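Presented below is the structure to which this report refers.
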Amino acid sequence: MRTFVAVEISNSDVINSVKKFQNNLKINAKPIVPEQLHFTLQFLGDISEDVKEKVSEAIQAIKFSEFSINLRGIGAFPRPNFPRVIWIGTDEQGGKNLVELAKKVENALKPLGLISDKPFKPHITIFRIKKKIGDITKELNEQKNMDFGIQKISSIKLKKSELTTSGPIYSDIMEVIAKK
């Protein structure tokens, strides 16, 4: 099963801000549906049922406190003049807290041989771009300081991703709640 560890976006005000932005940005790209907005702390790829159990145990042992992040700023990977993904970033402190949380996940999973293929960059994907659409630097620069609101981070989830022709379908495998 294809899996990843994530923090979901659940604040309805944030979700509505993202939807409004997606509707207003006139580009040929597929918006991410609101129910799928998340930070991927670590992508695990295809794992067996046995490894899933070990991952669940390892993640269950992670201790972290609840914190808030401010979702703000827009960018593109790999770059705005050749975008494949459009994303929303975070405020500096919220981003640091997310990086620390991703490190805890990585350290918990390292003994299982599950290592990140690239460093964690705090962002949520809001568009996937399949076809070349050209330079969108101007469109993104007009919105680069946009504020989408505050999201409380109170849990992490191990999620399953099933790829379908109409896009991925995510389901929860397990959840770890922050210590108060």
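By order in the structure tokens, chains are A, B, ...; within a chain, residues start at 1; ligands start at 1, following the order shown.
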Within 10 Å of Asn141 (chain A), counting only C-alpha atoms, which residues show up once you throw out same-chain ones fewer than 5 positions away? Write them as a list in words, please. Gly73, Ile74, Gly75, Pro80, Ile136 and Met146 of chain A
Determine which residues of region 94-165 of chain A DSSP labels as helix (DSSP H, G or I) from the backbone of this structure, then write them out as a ChimeraX atom specification. /A:94-112,137-143
Would you please give, as a ChimeraX atom specification, all residues of region 78-124 of chain A that DSSP assigns to strand (DSSP E) based on the backbone? /A:78-79,82-90,124
Long-range neighbours of Lys160 (chain A) as number ranges by chain, 12 Å cut-off, only C-alpha atoms, 3 positions minimum in chain: A: 1-6, 36, 40, 43-49, 52, 157, 163, 168-174
Using only C-alpha atoms, can you tell me which of A:Asn107, A:Leu101, A:Ile150, A:Phe127 comes closest to Lys19 (chain A)? A:Phe127
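The residue set within 8 Å of Val18 (chain A), counting only C-alpha atoms and dropping same-chain residues fewer than 4 places from it, reads A:Val14, A:Gln22, A:Pro34, A:Ile126, A:Phe148.
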Atoms to include: N, CA and C atoms. Write the selected residues as a CSV table (one decimal), in the first residue's frame.
chain,number,residue,atom,x,y,z
A,14,VAL,N,-9.6,28.4,6.8
A,14,VAL,CA,-8.4,28.2,6.0
A,14,VAL,C,-8.8,27.5,4.7
A,22,GLN,N,-8.1,29.2,-5.2
A,22,GLN,CA,-8.1,28.3,-6.3
A,22,GLN,C,-9.0,28.7,-7.4
A,34,PRO,N,-10.5,20.2,-1.2
A,34,PRO,CA,-10.3,20.7,0.2
A,34,PRO,C,-10.0,19.5,1.2
A,126,ILE,N,-1.7,23.0,-3.5
A,126,ILE,CA,-3.0,23.4,-3.8
A,126,ILE,C,-3.4,23.2,-5.3
A,148,PHE,N,-3.8,32.9,4.5
A,148,PHE,CA,-4.9,32.0,4.4
A,148,PHE,C,-5.5,31.7,5.8
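Nearest residue to Val99 (chain A), choosing from A:Pro31, A:Gly134, A:Pro119, A:Pro83 and counting only C-alpha atoms: A:Pro119.
Atom to atom, CA of Ser68 (chain A) and CA of Gly94 (chain A) stand 6.4 Å apart.
For the set A:Gln60, A:Thr90, A:Gln151, A:Ser166, the residue with the smallest atom-to-atom gap to Ala178 (chain A) is A:Gln60, counting only C-alpha atoms.
When only C-alpha atoms are used to compute distances to Glu8 (chain A), the closest of the residues A:Ile129, A:Ala58, A:Leu41, A:Val51 turns out to be A:Leu41.
Atom pair CA of Ile133 (chain A) / CA of Gly149 (chain A) has a distance of 28.3 Å (rounded to one decimal).
Comparing the minimum interatomic distances between Glu106 (chain A) and each of A:Gln93, A:Ser10, A:Gln42, A:Ser161, counting only C-alpha atoms, we find that A:Gln42 sits nearest.
Checking A:Glu175, A:Val55, A:Ile153, A:Asn70 one by one against Leu109 (chain A), counting only C-alpha atoms, you find the shortest gap at A:Val55.
What separates CA of Gly89 (chain A) from CA of Ile69 (chain A) is a distance of 9.7 Å.
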